[in-house]
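The block underneath contains the structure these notes are about, expressed in structure tokens.
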Amino acid sequence: MTPHRKLQVRYSTGALSLAAVLGTGCVLAGWPAVGKGLALGTVFSALNFILMGEGVVLKFATAGGRSLIPFMVMIGRYVMLALPIIVAIKQPAFDLPATVAGVFMVQVCIIIDAVHTTLKERRQPSARTQQALRRLR
């Protein structure tokens with residue numbers, strides 16, 4: 001599996017899992033519209049992230065991006081992100097703020113992963129510190 005596909009799977013799965021947990025919690029708390037909005041926004045967020053990764057690969061694969069296809073992929077991504085917002089505006093079964101939050105769920109997962117990785121690296125001493133500690137022993 002290519003590195004960009006691993007990231008797509010990791011962040012999309014994380015976002016969908018987080019939305020499932022939060023959405024289920026909202027439904028159980030008596031806010032079904034909020035849970036449905038989170039789920040709707042997150043599904044389209046994950047699809048957008050996957051399409052974005054494939055579009056970047058396609059841009060580099062086609063004559064340095066001089067093709068019309070990468071542009072169409074970008075327009076398709078914008079339309080795809082507009083669809084859940086339009087549905088949430090038109091249908092009262094979906095909460096609009098929750099749908100917007102769902103649209104940003106992949107980005108939230110990326111930030112959570114970056115913060116977690118940074119904190120994990122800070123807890124471990126650097127290579128120089130480890131060498132100094134070995135010399136002291």
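Within each chain, counting starts at residue 1; across the structure tokens, chains are named A, B, ... in the order shown, with ligands numbered 1 upward in that order.
The neighbours of A:Phe104 here are the residues that come within 9 Å of it, using only C-alpha atoms and leaving out any residue fewer than 5 positions away in the same chain; they are Gly41, Thr42, Ser45, Thr99 and Cys109 of chain A.
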Neighbouring residues of stretch 17-32 of chain A were defined as those with any atom within 12 Å, considering only C-alpha atoms; residues of the same chain fewer than 3 positions away were excluded. Please report them as a CSV table (one decimal) with C-alpha atoms, in the first residue's frame.
```csv
chain,number,residue,atom,x,y,z
A,9,VAL,CA,-7.1,4.9,5.6
A,10,ARG,CA,-5.8,6.0,8.9
A,11,TYR,CA,-7.4,9.4,9.1
A,12,SER,CA,-10.6,8.5,7.3
A,13,THR,CA,-11.1,5.5,9.6
A,14,GLY,CA,-10.3,7.6,12.6
A,35,GLY,CA,-25.9,12.7,15.5
A,36,LYS,CA,-27.1,12.5,12.0
A,37,GLY,CA,-25.5,15.8,11.1
A,38,LEU,CA,-22.1,14.6,12.4
A,39,ALA,CA,-22.4,11.4,10.5
A,40,LEU,CA,-23.4,13.1,7.2
A,41,GLY,CA,-20.6,15.6,7.4
A,42,THR,CA,-18.0,13.1,8.3
A,43,VAL,CA,-18.8,10.7,5.5
A,44,PHE,CA,-18.4,13.5,3.0
A,45,SER,CA,-15.2,14.7,4.8
A,46,ALA,CA,-13.7,11.3,4.5
A,92,PRO,CA,-34.6,19.5,9.4
A,93,ALA,CA,-33.5,15.9,10.3
A,94,PHE,CA,-29.9,17.1,10.1
A,95,ASP,CA,-28.4,19.8,12.4
A,98,ALA,CA,-23.2,19.5,13.5
A,99,THR,CA,-22.9,18.8,9.8
A,101,ALA,CA,-18.4,20.1,12.4
A,102,GLY,CA,-18.6,16.7,10.6
A,103,VAL,CA,-17.1,18.2,7.5
A,104,PHE,CA,-14.0,19.2,9.5
A,105,MET,CA,-13.7,15.8,11.3
A,106,VAL,CA,-10.8,14.5,9.2
A,108,VAL,CA,-9.7,17.3,13.6
A,109,CYS,CA,-8.3,13.8,13.5
A,112,ILE,CA,-5.2,15.1,17.3
```
